[in-house]
Amino acid sequence: LGFSMLVYLVSKLTKSLGCVLFAISAVIVTPIYIALSRNRKNAPVWLGMLTFYLLYFGASLNIMRQWAAMALLLRQDEQALEALSGNTLPDVQTLKSLPQALQNRYITAFLKEQGVKEPEKNHVELALQLVYSDNPAAQASFPGGVTVCRQYDRLTVCTEQEPLSQQELPPDGEVERSGLRIVSSTEPLEGAFPVKTVGTVYIRSRRAGDRMRLQGGSKLLKQLYIDRKIPASQRKQIPVIADNHGVLAVWNFGPNLDRIAEKEPDRYIRFEKI
């Protein structure tokens, strides 16, 4: 620790490799000289110093220079990595194509930015497992209460959203939810779809077993969300219009074709983005 502090202080104060080498040489030679001076009655100081220079100093100086060269090379590598790596975390496919050193640097910077104060090797490896996972919605927990999610081709921090509270949609009226205006009318509306309802109509989040039919056929809403690559953390905020018989329509997907009323609809429903 003392040696490292000496090298650090000299390099900071002088910014000269020669001064650093001189300081290290002084640290090596001074104790030898002091010991020989105390033992000058048994052997001359010059003879002891000459013996040291001929037998040991050259080897120690060579090692010292090699250490300095290694430090310079490591610093140059560090600067090169800094130049290659940007401030924004690339997408998953790009990360996979990068060398390990750049992957580690990107992931470490990303974790620090998200609140992991001192990312360790196992934290970086855990984040890379998300990158290489076959699960496009995989997630992992990190120190500081940080949860990182894989959202298909990107890594991001999970912000778990609460499901929409169930709210009744009156036959004639409108409700605003999640930045939308959902309009219902018993009279025809421009851009609205006609439905025949069963019981009370509600606006809510997706529930297990919810299903609707689009042009490609009937599917569970969960599978439709996956097909559209909607991140799992955002699915709870997608408004679903449903009655006692099931799903009538879903925002960004449109009406359930099984519930479209060709004749005698009892209401018309339209989505409007606010």
# chains A, B, ... in the order shown; residues from 1 in each chain; ligands from 1
call {"tool": "select_by_dssp", "arguments": {"residues": "region 174-232 of chain A", "states": "strand (DSSP E)", "output": "CSV table (one decimal) with C-alpha atoms, in the first residue's frame"}}
result
chain,number,residue,atom,x,y,z
A,174,GLU,CA,-66.9,8.4,-21.7
A,175,VAL,CA,-64.0,7.3,-19.5
A,176,GLU,CA,-60.4,8.5,-19.6
A,177,ARG,CA,-57.7,5.9,-18.7
A,180,LEU,CA,-57.1,7.4,-23.7
A,181,ARG,CA,-60.7,8.5,-24.0
A,182,ILE,CA,-63.0,5.6,-24.4
A,183,VAL,CA,-66.4,6.7,-25.7
A,184,SER,CA,-69.6,4.7,-25.5
A,185,SER,CA,-72.9,5.5,-27.1
A,193,PHE,CA,-67.4,-0.4,-33.6
A,194,PRO,CA,-70.9,-1.9,-32.8
A,195,VAL,CA,-71.2,-4.6,-30.1
A,202,TYR,CA,-66.0,-2.6,-17.7
A,203,ILE,CA,-62.6,-1.1,-18.5
A,204,ARG,CA,-59.8,-3.1,-16.8
A,211,ARG,CA,-59.2,-14.2,-25.4
A,212,MET,CA,-60.2,-12.4,-28.6
A,213,ARG,CA,-60.4,-13.0,-32.3
A,214,LEU,CA,-58.6,-10.9,-34.8
A,217,GLY,CA,-57.7,-16.1,-35.6
A,218,SER,CA,-58.5,-16.4,-31.9
A,219,LYS,CA,-55.7,-16.1,-29.3
A,220,LEU,CA,-55.2,-15.4,-25.7
call {"tool": "atom_distance", "arguments": {"atom1": "CA of Val240 (chain A)", "atom2": "CA of Arg207 (chain A)"}}
result
9.2 Å
call {"tool": "residues_around", "arguments": {"residues": "region 113-115 of chain A", "least_positions_apart": "2", "cutoff": "8 Å", "atoms": "only C-alpha atoms", "output": "JSON, numbers by chain"}}
result
{"A": [109, 110, 111, 117, 144, 146, 157]}
call {"tool": "atom_distance", "arguments": {"atom1": "CA of Tyr106 (chain A)", "atom2": "CA of Gln161 (chain A)"}}
result
27.1 Å
call {"tool": "residues_around", "arguments": {"residues": "region 132-134 of chain A", "least_positions_apart": "3", "cutoff": "9 Å", "atoms": "only C-alpha atoms", "output": "list in words"}}
result
Val92, Lys96, Leu128, Gln129, Ala137, Ala138 and Arg150 of chain A
call {"tool": "closest_residue", "arguments": {"among": "A:Ala26, A:Leu21, A:Val116, A:Leu155", "to": "Leu95 (chain A)", "atoms": "only C-alpha atoms"}}
result
A:Leu155
call {"tool": "atom_distance", "arguments": {"atom1": "CA of Gly209 (chain A)", "atom2": "CA of Ile274 (chain A)"}}
result
29.5 Å
call {"tool": "closest_residue", "arguments": {"among": "A:Gln237, A:Leu221, A:Pro143, A:Gln103", "to": "Ser165 (chain A)", "atoms": "only C-alpha atoms"}}
result
A:Gln237
call {"tool": "closest_residue", "arguments": {"among": "A:Asp210, A:Ser178, A:Ile226, A:Pro170", "to": "Arg267 (chain A)", "atoms": "only C-alpha atoms"}}
result
A:Pro170
